[in-house]
Every structure is written in C-alpha cells, then in structure tokens.
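Text of entry-v6.csv, listed as CSV, N, CA and C atoms:
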```csv
chain,number,residue,atom,x,y,z
V,1,MET,N,-16.5,315.1,164.1
V,1,MET,CA,-17.3,315.2,165.3
V,1,MET,C,-16.5,314.6,166.5
V,2,GLU,N,-16.5,315.2,167.6
V,2,GLU,CA,-15.9,314.7,168.8
V,2,GLU,C,-16.9,314.2,169.7
V,3,ARG,N,-16.6,313.0,170.3
V,3,ARG,CA,-17.6,312.4,171.2
V,3,ARG,C,-16.8,312.0,172.5
V,4,VAL,N,-17.5,312.2,173.6
V,4,VAL,CA,-16.9,311.7,174.9
V,4,VAL,C,-17.4,310.3,175.0
V,5,ARG,N,-16.6,309.3,174.6
V,5,ARG,CA,-17.1,307.9,174.6
V,5,ARG,C,-15.9,307.1,174.7
V,6,SER,N,-16.1,305.8,175.2
V,6,SER,CA,-15.0,304.9,175.4
V,6,SER,C,-14.8,303.9,174.2
V,7,SER,N,-15.7,303.9,173.3
V,7,SER,CA,-15.6,303.0,172.2
V,7,SER,C,-16.4,303.5,171.0
V,8,PRO,N,-16.2,303.0,169.8
V,8,PRO,CA,-16.9,303.5,168.6
V,8,PRO,C,-18.4,303.2,168.7
V,9,ALA,N,-18.8,302.2,169.4
V,9,ALA,CA,-20.2,301.8,169.6
V,9,ALA,C,-20.6,301.9,171.1
V,10,PRO,N,-20.8,303.1,171.6
V,10,PRO,CA,-21.1,303.2,173.0
V,10,PRO,C,-22.4,302.6,173.4
V,11,THR,N,-22.4,302.2,174.7
V,11,THR,CA,-23.7,301.7,175.3
V,11,THR,C,-24.3,302.8,176.2
V,12,LEU,N,-25.5,303.2,175.9
V,12,LEU,CA,-26.2,304.1,176.8
V,12,LEU,C,-27.1,303.3,177.7
V,13,VAL,N,-27.0,303.5,179.0
V,13,VAL,CA,-27.9,302.9,180.0
V,13,VAL,C,-28.6,304.1,180.7
V,14,SER,N,-29.9,304.1,180.7
V,14,SER,CA,-30.7,305.1,181.3
V,14,SER,C,-31.7,304.5,182.2
V,15,ARG,N,-31.8,304.9,183.4
V,15,ARG,CA,-32.8,304.4,184.4
V,15,ARG,C,-33.5,305.6,185.0
V,16,THR,N,-34.8,305.4,185.2
V,16,THR,CA,-35.7,306.4,185.8
V,16,THR,C,-36.5,305.8,186.9
V,17,THR,N,-36.8,306.6,187.9
V,17,THR,CA,-37.7,306.2,189.0
V,17,THR,C,-38.5,307.4,189.3
V,18,GLY,N,-39.7,307.1,189.7
V,18,GLY,CA,-40.6,308.2,190.2
V,18,GLY,C,-40.1,308.7,191.6
V,19,ILE,N,-40.2,309.9,191.9
V,19,ILE,CA,-39.8,310.5,193.2
V,19,ILE,C,-40.9,311.4,193.7
V,20,GLU,N,-40.8,311.7,195.0
V,20,GLU,CA,-41.7,312.8,195.5
V,20,GLU,C,-41.3,314.1,194.9
V,21,ARG,N,-42.3,314.9,194.5
V,21,ARG,CA,-42.0,316.1,193.8
V,21,ARG,C,-41.3,317.1,194.7
V,22,PRO,N,-40.0,317.4,194.4
V,22,PRO,CA,-39.3,318.3,195.2
V,22,PRO,C,-39.6,319.7,194.8
V,23,ALA,N,-39.4,320.7,195.6
V,23,ALA,CA,-39.4,322.1,195.2
V,23,ALA,C,-38.4,322.3,194.2
V,24,PHE,N,-38.7,323.1,193.1
V,24,PHE,CA,-37.7,323.3,192.1
V,24,PHE,C,-36.4,323.9,192.6
V,25,ALA,N,-36.5,324.8,193.6
V,25,ALA,CA,-35.3,325.4,194.1
V,25,ALA,C,-34.4,324.4,194.9
V,26,ALA,N,-35.1,323.4,195.5
V,26,ALA,CA,-34.3,322.4,196.3
V,26,ALA,C,-33.6,321.5,195.3
V,27,ALA,N,-34.3,321.1,194.2
V,27,ALA,CA,-33.7,320.2,193.2
V,27,ALA,C,-32.6,321.0,192.5
V,28,PHE,N,-32.8,322.2,192.2
V,28,PHE,CA,-31.7,323.0,191.6
V,28,PHE,C,-30.5,323.1,192.4
V,29,ASP,N,-30.7,323.4,193.7
V,29,ASP,CA,-29.5,323.4,194.7
V,29,ASP,C,-28.8,322.1,194.9
V,30,ALA,N,-29.6,321.0,194.7
V,30,ALA,CA,-29.0,319.7,195.0
V,30,ALA,C,-28.1,319.2,193.8
V,31,LEU,N,-28.3,319.7,192.6
V,31,LEU,CA,-27.5,319.3,191.5
V,31,LEU,C,-26.3,320.2,191.3
V,32,PRO,N,-25.2,319.6,191.0
V,32,PRO,CA,-24.0,320.4,190.9
V,32,PRO,C,-24.0,321.2,189.6
V,33,ALA,N,-23.3,322.4,189.6
V,33,ALA,CA,-23.2,323.2,188.4
V,33,ALA,C,-22.2,322.6,187.4
V,34,PRO,N,-22.3,322.8,186.2
V,34,PRO,CA,-23.3,323.6,185.5
V,34,PRO,C,-24.6,322.8,185.4
V,35,ARG,N,-25.7,323.5,185.4
V,35,ARG,CA,-27.0,322.9,185.3
V,35,ARG,C,-27.8,323.4,184.0
V,36,THR,N,-28.7,322.6,183.6
V,36,THR,CA,-29.6,323.0,182.5
V,36,THR,C,-31.0,323.0,183.0
V,37,ALA,N,-31.8,324.0,182.6
V,37,ALA,CA,-33.2,323.9,182.9
V,37,ALA,C,-33.9,324.1,181.5
V,38,TRP,N,-34.9,323.3,181.3
V,38,TRP,CA,-35.6,323.3,180.0
V,38,TRP,C,-37.1,323.1,180.2
V,39,ASN,N,-37.8,323.9,179.5
V,39,ASN,CA,-39.3,323.8,179.6
V,39,ASN,C,-39.9,324.3,178.3
V,40,ALA,N,-40.3,323.4,177.5
V,40,ALA,CA,-41.0,323.7,176.2
V,40,ALA,C,-42.5,323.7,176.4
V,41,PRO,N,-43.2,324.5,175.5
V,41,PRO,CA,-44.7,324.5,175.7
V,41,PRO,C,-45.3,323.1,175.6
V,42,ASP,N,-46.2,322.8,176.5
V,42,ASP,CA,-46.9,321.5,176.5
V,42,ASP,C,-45.9,320.3,176.7
V,43,ASP,N,-44.8,320.6,177.4
V,43,ASP,CA,-43.9,319.5,177.7
V,43,ASP,C,-43.5,319.6,179.2
V,44,ALA,N,-42.8,318.6,179.7
V,44,ALA,CA,-42.3,318.6,181.1
V,44,ALA,C,-41.2,319.6,181.3
V,45,LEU,N,-41.0,320.0,182.5
V,45,LEU,CA,-39.9,320.9,182.9
V,45,LEU,C,-38.8,319.9,183.3
V,46,VAL,N,-37.6,320.1,182.7
V,46,VAL,CA,-36.4,319.2,183.0
V,46,VAL,C,-35.3,320.1,183.6
V,47,LEU,N,-34.8,319.6,184.7
V,47,LEU,CA,-33.6,320.2,185.3
V,47,LEU,C,-32.5,319.1,185.2
V,48,ALA,N,-31.3,319.5,184.7
V,48,ALA,CA,-30.3,318.5,184.4
V,48,ALA,C,-28.9,319.0,184.9
V,49,SER,N,-28.0,318.0,185.1
V,49,SER,CA,-26.7,318.3,185.5
V,49,SER,C,-25.7,317.2,185.0
V,50,GLY,N,-24.5,317.6,184.9
V,50,GLY,CA,-23.4,316.7,184.5
V,50,GLY,C,-23.5,316.3,183.0
V,51,ALA,N,-22.6,315.4,182.6
V,51,ALA,CA,-22.5,315.0,181.2
V,51,ALA,C,-22.2,313.5,181.1
V,52,ALA,N,-23.2,312.7,180.7
V,52,ALA,CA,-22.9,311.3,180.4
V,52,ALA,C,-22.2,311.2,179.1
V,53,ALA,N,-22.6,312.1,178.1
V,53,ALA,CA,-21.9,312.1,176.8
V,53,ALA,C,-22.1,313.5,176.3
V,54,THR,N,-21.1,313.9,175.4
V,54,THR,CA,-21.1,315.2,174.8
V,54,THR,C,-20.8,315.0,173.3
V,55,LEU,N,-21.7,315.6,172.5
V,55,LEU,CA,-21.5,315.5,171.0
V,55,LEU,C,-21.1,316.9,170.5
V,56,THR,N,-20.0,317.0,169.8
V,56,THR,CA,-19.7,318.3,169.2
V,56,THR,C,-19.4,318.1,167.7
V,57,ALA,N,-19.6,319.2,166.9
V,57,ALA,CA,-19.3,319.1,165.5
V,57,ALA,C,-19.0,320.5,165.0
V,58,SER,N,-18.4,320.6,163.8
V,58,SER,CA,-18.1,321.9,163.2
V,58,SER,C,-18.2,321.7,161.7
V,59,GLY,N,-18.2,322.8,161.0
V,59,GLY,CA,-18.3,322.9,159.6
V,59,GLY,C,-19.7,322.8,159.0
V,60,PRO,N,-19.8,322.8,157.7
V,60,PRO,CA,-21.1,322.8,157.0
V,60,PRO,C,-22.0,321.6,157.3
V,61,ASP,N,-21.3,320.5,157.7
V,61,ASP,CA,-22.1,319.2,157.9
V,61,ASP,C,-22.4,319.0,159.4
V,62,ARG,N,-22.3,320.1,160.2
V,62,ARG,CA,-22.4,319.9,161.7
V,62,ARG,C,-23.8,319.5,162.1
V,63,PHE,N,-24.8,319.9,161.4
V,63,PHE,CA,-26.2,319.5,161.7
V,63,PHE,C,-26.4,318.0,161.5
V,64,ALA,N,-25.9,317.5,160.3
V,64,ALA,CA,-26.0,316.0,160.0
V,64,ALA,C,-25.1,315.2,161.0
V,65,ALA,N,-23.9,315.8,161.3
V,65,ALA,CA,-23.0,315.1,162.2
V,65,ALA,C,-23.6,314.9,163.6
V,66,ILE,N,-24.3,315.9,164.1
V,66,ILE,CA,-24.9,315.8,165.4
V,66,ILE,C,-26.1,314.8,165.3
V,67,ARG,N,-26.9,314.9,164.2
V,67,ARG,CA,-28.0,313.9,164.1
V,67,ARG,C,-27.4,312.5,164.0
V,68,THR,N,-26.4,312.2,163.3
V,68,THR,CA,-25.8,310.9,163.2
V,68,THR,C,-25.3,310.5,164.6
V,69,GLY,N,-24.6,311.4,165.3
V,69,GLY,CA,-24.1,311.0,166.6
V,69,GLY,C,-25.2,310.7,167.6
V,70,ALA,N,-26.3,311.5,167.5
V,70,ALA,CA,-27.4,311.2,168.4
V,70,ALA,C,-28.1,309.9,168.1
V,71,ASP,N,-28.2,309.6,166.8
V,71,ASP,CA,-28.8,308.3,166.4
V,71,ASP,C,-28.0,307.2,166.9
V,72,GLU,N,-26.6,307.3,166.7
V,72,GLU,CA,-25.7,306.2,167.2
V,72,GLU,C,-25.9,306.0,168.7
V,73,LEU,N,-25.9,307.1,169.4
V,73,LEU,CA,-26.0,307.1,170.9
V,73,LEU,C,-27.3,306.4,171.3
V,74,PHE,N,-28.4,306.9,170.8
V,74,PHE,CA,-29.7,306.4,171.2
V,74,PHE,C,-30.0,305.0,170.7
V,75,ASP,N,-29.5,304.6,169.5
V,75,ASP,CA,-29.7,303.3,169.0
V,75,ASP,C,-29.0,302.2,169.8
V,76,THR,N,-28.0,302.6,170.6
V,76,THR,CA,-27.4,301.6,171.5
V,76,THR,C,-28.0,301.5,172.9
V,77,GLY,N,-29.1,302.3,173.1
V,77,GLY,CA,-29.7,302.5,174.4
V,77,GLY,C,-30.4,301.4,175.0
V,78,ASP,N,-30.1,301.2,176.3
V,78,ASP,CA,-30.9,300.3,177.2
V,78,ASP,C,-31.6,301.3,178.1
V,79,VAL,N,-32.8,301.7,177.7
V,79,VAL,CA,-33.5,302.8,178.3
V,79,VAL,C,-34.8,302.3,179.0
V,80,HIS,N,-34.9,302.6,180.3
V,80,HIS,CA,-36.1,302.3,181.0
V,80,HIS,C,-36.6,303.6,181.7
V,81,ALA,N,-37.4,304.4,181.0
V,81,ALA,CA,-37.7,305.7,181.4
V,81,ALA,C,-38.9,305.7,182.4
V,82,GLY,N,-39.8,304.7,182.2
V,82,GLY,CA,-41.0,304.7,183.1
V,82,GLY,C,-42.1,305.6,182.6
V,83,THR,N,-41.7,306.7,181.9
V,83,THR,CA,-42.7,307.6,181.3
V,83,THR,C,-41.9,308.4,180.2
V,84,GLU,N,-42.7,308.7,179.2
V,84,GLU,CA,-42.1,309.4,178.0
V,84,GLU,C,-41.5,310.8,178.5
V,85,ALA,N,-42.1,311.4,179.4
V,85,ALA,CA,-41.6,312.7,179.9
V,85,ALA,C,-40.2,312.6,180.4
V,86,ALA,N,-39.8,311.5,181.0
V,86,ALA,CA,-38.5,311.4,181.7
V,86,ALA,C,-37.4,310.7,180.8
V,87,ARG,N,-37.7,310.6,179.5
V,87,ARG,CA,-36.8,310.0,178.6
V,87,ARG,C,-35.4,310.7,178.6
V,88,PRO,N,-34.3,310.1,178.2
V,88,PRO,CA,-33.1,310.8,178.1
V,88,PRO,C,-33.1,311.7,176.9
V,89,ARG,N,-32.5,312.9,177.1
V,89,ARG,CA,-32.6,314.0,176.1
V,89,ARG,C,-31.2,314.6,175.9
V,90,LEU,N,-31.0,315.1,174.7
V,90,LEU,CA,-29.8,315.9,174.5
V,90,LEU,C,-30.2,317.4,174.6
V,91,PHE,N,-29.3,318.2,175.2
V,91,PHE,CA,-29.5,319.6,175.4
V,91,PHE,C,-28.3,320.3,174.7
V,92,GLY,N,-28.6,321.3,173.9
V,92,GLY,CA,-27.5,322.1,173.3
V,92,GLY,C,-27.9,323.0,172.2
V,93,GLY,N,-27.0,323.3,171.3
V,93,GLY,CA,-27.4,324.2,170.2
V,93,GLY,C,-26.3,324.3,169.2
V,94,PHE,N,-26.6,325.1,168.2
V,94,PHE,CA,-25.7,325.3,167.0
V,94,PHE,C,-25.4,326.7,166.9
V,95,ALA,N,-24.2,327.0,166.4
V,95,ALA,CA,-23.8,328.4,166.0
V,95,ALA,C,-24.6,328.8,164.8
V,96,PHE,N,-25.0,330.0,164.7
V,96,PHE,CA,-25.7,330.5,163.5
V,96,PHE,C,-24.9,330.4,162.2
V,97,HIS,N,-23.6,330.6,162.4
V,97,HIS,CA,-22.7,330.7,161.2
V,97,HIS,C,-21.6,329.7,161.3
V,98,GLU,N,-21.2,329.1,160.2
V,98,GLU,CA,-20.1,328.2,160.2
V,98,GLU,C,-18.8,329.0,160.6
V,99,GLY,N,-18.0,328.4,161.4
V,99,GLY,CA,-16.9,329.1,162.0
V,99,GLY,C,-17.1,329.7,163.3
V,100,GLY,N,-18.4,329.6,163.8
V,100,GLY,CA,-18.7,330.1,165.1
V,100,GLY,C,-18.7,331.6,165.2
V,101,CYS,N,-18.5,332.1,166.4
V,101,CYS,CA,-18.5,333.5,166.7
V,101,CYS,C,-17.2,333.9,167.3
V,102,ASP,N,-16.7,335.1,167.0
V,102,ASP,CA,-15.5,335.6,167.7
V,102,ASP,C,-15.9,336.5,168.9
V,103,GLY,N,-15.1,336.5,169.9
V,103,GLY,CA,-15.3,337.4,171.0
V,103,GLY,C,-16.2,336.9,172.0
V,104,ASP,N,-16.5,337.8,173.0
V,104,ASP,CA,-17.3,337.4,174.1
V,104,ASP,C,-18.8,337.6,173.8
V,105,PRO,N,-19.7,336.9,174.3
V,105,PRO,CA,-19.5,335.8,175.2
V,105,PRO,C,-19.4,334.4,174.5
V,106,TRP,N,-19.6,334.4,173.1
V,106,TRP,CA,-19.8,333.2,172.4
V,106,TRP,C,-18.5,332.6,171.9
V,107,GLY,N,-17.4,333.2,171.9
V,107,GLY,CA,-16.2,332.7,171.3
V,107,GLY,C,-15.7,331.4,171.7
V,108,PRO,N,-15.9,331.0,173.0
V,108,PRO,CA,-15.4,329.7,173.5
V,108,PRO,C,-16.3,328.5,173.1
V,109,PHE,N,-17.5,328.8,172.6
V,109,PHE,CA,-18.4,327.7,172.3
V,109,PHE,C,-18.1,327.1,170.9
V,110,PRO,N,-18.2,325.8,170.8
V,110,PRO,CA,-18.1,325.1,169.5
V,110,PRO,C,-19.2,325.5,168.6
V,111,GLU,N,-19.1,325.1,167.3
V,111,GLU,CA,-20.2,325.4,166.3
V,111,GLU,C,-21.4,324.5,166.6
V,112,ALA,N,-21.2,323.4,167.2
V,112,ALA,CA,-22.4,322.6,167.6
V,112,ALA,C,-21.9,321.8,168.9
V,113,ARG,N,-22.8,321.8,169.9
V,113,ARG,CA,-22.5,321.1,171.1
V,113,ARG,C,-23.8,320.6,171.7
V,114,PHE,N,-23.9,319.3,172.0
V,114,PHE,CA,-25.1,318.8,172.7
V,114,PHE,C,-24.6,317.9,173.8
V,115,VAL,N,-25.3,317.9,174.9
V,115,VAL,CA,-24.9,317.1,176.1
V,115,VAL,C,-26.1,316.2,176.5
V,116,LEU,N,-25.8,315.0,176.8
V,116,LEU,CA,-26.7,314.0,177.4
V,116,LEU,C,-26.4,314.2,178.9
V,117,PRO,N,-27.3,314.7,179.7
V,117,PRO,CA,-27.0,314.9,181.2
V,117,PRO,C,-26.8,313.6,181.9
V,118,ARG,N,-25.9,313.6,182.9
V,118,ARG,CA,-25.7,312.5,183.8
V,118,ARG,C,-27.0,312.3,184.6
V,119,VAL,N,-27.5,313.4,185.1
V,119,VAL,CA,-28.7,313.3,186.0
V,119,VAL,C,-29.7,314.3,185.5
V,120,GLN,N,-31.0,313.9,185.5
V,120,GLN,CA,-32.1,314.9,185.2
V,120,GLN,C,-33.2,314.6,186.1
V,121,VAL,N,-33.9,315.7,186.6
V,121,VAL,CA,-35.1,315.7,187.3
V,121,VAL,C,-36.2,316.2,186.4
V,122,THR,N,-37.2,315.5,186.2
V,122,THR,CA,-38.3,315.9,185.3
V,122,THR,C,-39.6,316.1,186.1
V,123,PHE,N,-40.1,317.3,185.9
V,123,PHE,CA,-41.4,317.7,186.6
V,123,PHE,C,-42.5,317.6,185.5
V,124,ALA,N,-43.3,316.6,185.5
V,124,ALA,CA,-44.3,316.3,184.5
V,124,ALA,C,-45.7,316.3,185.1
V,125,ASP,N,-46.7,316.3,184.2
V,125,ASP,CA,-48.1,316.2,184.7
V,125,ASP,C,-48.3,314.9,185.5
V,126,ASN,N,-47.6,313.8,185.1
V,126,ASN,CA,-47.8,312.6,185.8
V,126,ASN,C,-46.8,312.3,186.9
V,127,GLY,N,-46.2,313.3,187.5
V,127,GLY,CA,-45.3,313.2,188.6
V,127,GLY,C,-43.9,313.7,188.4
V,128,ALA,N,-43.1,313.5,189.3
V,128,ALA,CA,-41.7,313.9,189.2
V,128,ALA,C,-40.8,312.6,189.1
V,129,TRP,N,-39.8,312.8,188.3
V,129,TRP,CA,-39.0,311.6,187.9
V,129,TRP,C,-37.5,311.9,188.0
V,130,LEU,N,-36.7,311.0,188.5
V,130,LEU,CA,-35.3,311.1,188.5
V,130,LEU,C,-34.7,310.1,187.5
V,131,THR,N,-33.9,310.7,186.6
V,131,THR,CA,-33.3,309.9,185.5
V,131,THR,C,-31.8,310.0,185.7
V,132,VAL,N,-31.1,308.8,185.6
V,132,VAL,CA,-29.6,308.8,185.6
V,132,VAL,C,-29.2,308.1,184.3
V,133,ASN,N,-28.2,308.7,183.6
V,133,ASN,CA,-27.7,308.2,182.4
V,133,ASN,C,-26.2,307.9,182.5
V,134,ALA,N,-25.8,306.9,181.8
V,134,ALA,CA,-24.3,306.6,181.7
V,134,ALA,C,-24.1,306.0,180.3
V,135,VAL,N,-22.9,306.3,179.8
V,135,VAL,CA,-22.5,305.9,178.5
V,135,VAL,C,-21.1,305.3,178.6
V,136,GLY,N,-20.9,304.1,177.9
V,136,GLY,CA,-19.6,303.5,177.8
V,136,GLY,C,-19.6,302.1,178.3
V,137,ASP,N,-18.4,301.5,178.2
V,137,ASP,CA,-18.3,300.1,178.6
V,137,ASP,C,-18.7,299.8,180.0
V,138,ASP,N,-18.5,300.7,180.9
V,138,ASP,CA,-18.8,300.5,182.3
V,138,ASP,C,-20.2,300.9,182.7
V,139,ALA,N,-21.0,301.4,181.7
V,139,ALA,CA,-22.4,301.8,182.0
V,139,ALA,C,-23.2,300.7,182.5
```
How does the structure come out when it is put into structure tokens?
Amino acid sequence: MERVRSSPAPTLVSRTTGIERPAFAAAFDALPAPRTAWNAPDDALVLASGAAATLTASGPDRFAAIRTGADELFDTGDVHAGTEAARPRLFGGFAFHEGGCDGDPWGPFPEARFVLPRVQVTFADNGAWLTVNAVGDDA
C-alpha cells in the first residue's frame, strides 16, 4: 500500500468551523480542481478538493490494506469537527477485479485509491461547515 505521508505514524489534524451557507455553485467554483461531490441518502452533501493524504493498494488484500491505512490515519487524528456531519472522510473506490482494468477510461486508476481531502465544505441540516485537513509532521 502506498501512502502520501511523511512518517510511518502520520499525524492527522482536522479543524472545522461553521460558515454562512454558500451557494453550491459558488463553493464549487471556489475550490480548485479536481473536486469531489458526495451526497448519500440521509447524509450531508460534501464538496471537497485537494489531498491531505492518499491511500492506494493493490492485489487480493487491497480491501484490508485500505482499512488498515484508514485506521492508522484516523487513530492518529487530532480532530475537532464541531459536528458529526463535517468529520474528515475518505473518498474513493475499488476496482471490481484484481489487476484493475485495461484501456479507457479506467486503465490509469489503481486497484484501490482513497483520498482525504485537504478542504471540504459540508452542507448539513445543522448548517454549512468548512473543514481543513492536514497530515504529517508539519500538520
């Protein structure tokens, strides 16, 4: 598993503050590409950008490797989210088959890749929230 980290035991620092609810289009335009938008049923809408950390894995153990990497990342966390909705989250996915896919458009993607965004804007029932995440010795 490959990790964008500066030490074997990274430090995650995550801070959240409530903000005036921006128009979604304005928040989208304010964040640099590439961006992630996520909205699950009965959950907050999250708009995210950048990468504080990236977890990748391959092979038959990729699911367990990502789980272990996520546990290691969040276990070191100094997280002050202010609300559960604005907690730091990993966004990504897994290839359906070991070995990934050949050709367009999926060929360039690893078998498993998850990103902890550098910045996320959360639109929740209890308000809008700005979360900034950093990982590493300088966090």
Completion exercise
If you count all atoms listed in the file, the residue of V:Gly127, V:Pro32, V:Gly136, V:Gly93 closest to Glu20 in chain V turns out to be V:Gly127
Practice task
Excluding Phe94 in chain V and any residue of its chain fewer than 4 positions from it, enumerate the residues within 7 Å of it, using only C-alpha atoms, and give them as an NGL selection string.
Solution key: :V and (111-113)
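Proximity to His97 in chain V was assessed for V:Thr36, V:Ala65, V:Gly82, V:Gly59 counting all atoms listed in the file; the smallest distance is recorded for V:Gly59.
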Exercise for the section: Write down as a ChimeraX atom specification the residues of range 47-106 of chain V whose backbone DSSP state falls under strand (DSSP E or B). Expected result: /V:47-49,53-57,78-80,91-94
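Closest approach to Ala53 in chain V among V:Leu130, V:Arg118, V:Phe123, V:Asp71: V:Arg118, based on all atoms listed in the file.
Nearest-residue note for Gly69 in chain V: choosing from V:Ile19, V:Ala81, V:Leu55, V:Ala27, the minimum distance belongs to V:Leu55, counting only C-alpha atoms.
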Exercise for the section: Choose the residue, out of V:Leu116, V:Pro88, V:Gly100, V:Phe24, that has the smallest atom-to-atom separation from Thr54 in chain V; count all atoms listed in the file. Expected result: V:Leu116
Exercise for the section: Counting all atoms listed in the file, figure out which residue out of V:Ala139, V:Ala25, V:Ala51, V:Ala95 gets nearest to Pro117 in chain V. Expected result: V:Ala51
Problem - Spatial neighbours of range 40-44 of chain V, max dist 10 Å, only C-alpha atoms, sep filter under 5 positions, as a VMD selection string - result: chain V and resid 84 to 86 121 to 128
Handout entry: Contacts of Asn133 in chain V at 7 Å (all atoms listed in the file; same-chain gap of 5+ positions) as a PyMOL selection string
Key = chain V and resi 12-15+52+117-120
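The space between atom C of Glu72 in chain V and atom C of Asn39 in chain V spans 25.0 Å.
The interatomic distance for the pair atom N of Asp75 in chain V and atom C of Thr11 in chain V works out to 8.7 Å.
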Practice task
Extract the full set of helix (DSSP H, G or I) residues from range 2-125 of chain V according to DSSP on the backbone, and format it as a PyMOL selection string.
Solution key: chain V and resi 24-30+62-75+84-86
Fill in the blank from the handout: Between CA of Phe74 in chain V and atom N of Asp137 in chain V lies a distance of 14.2 Å
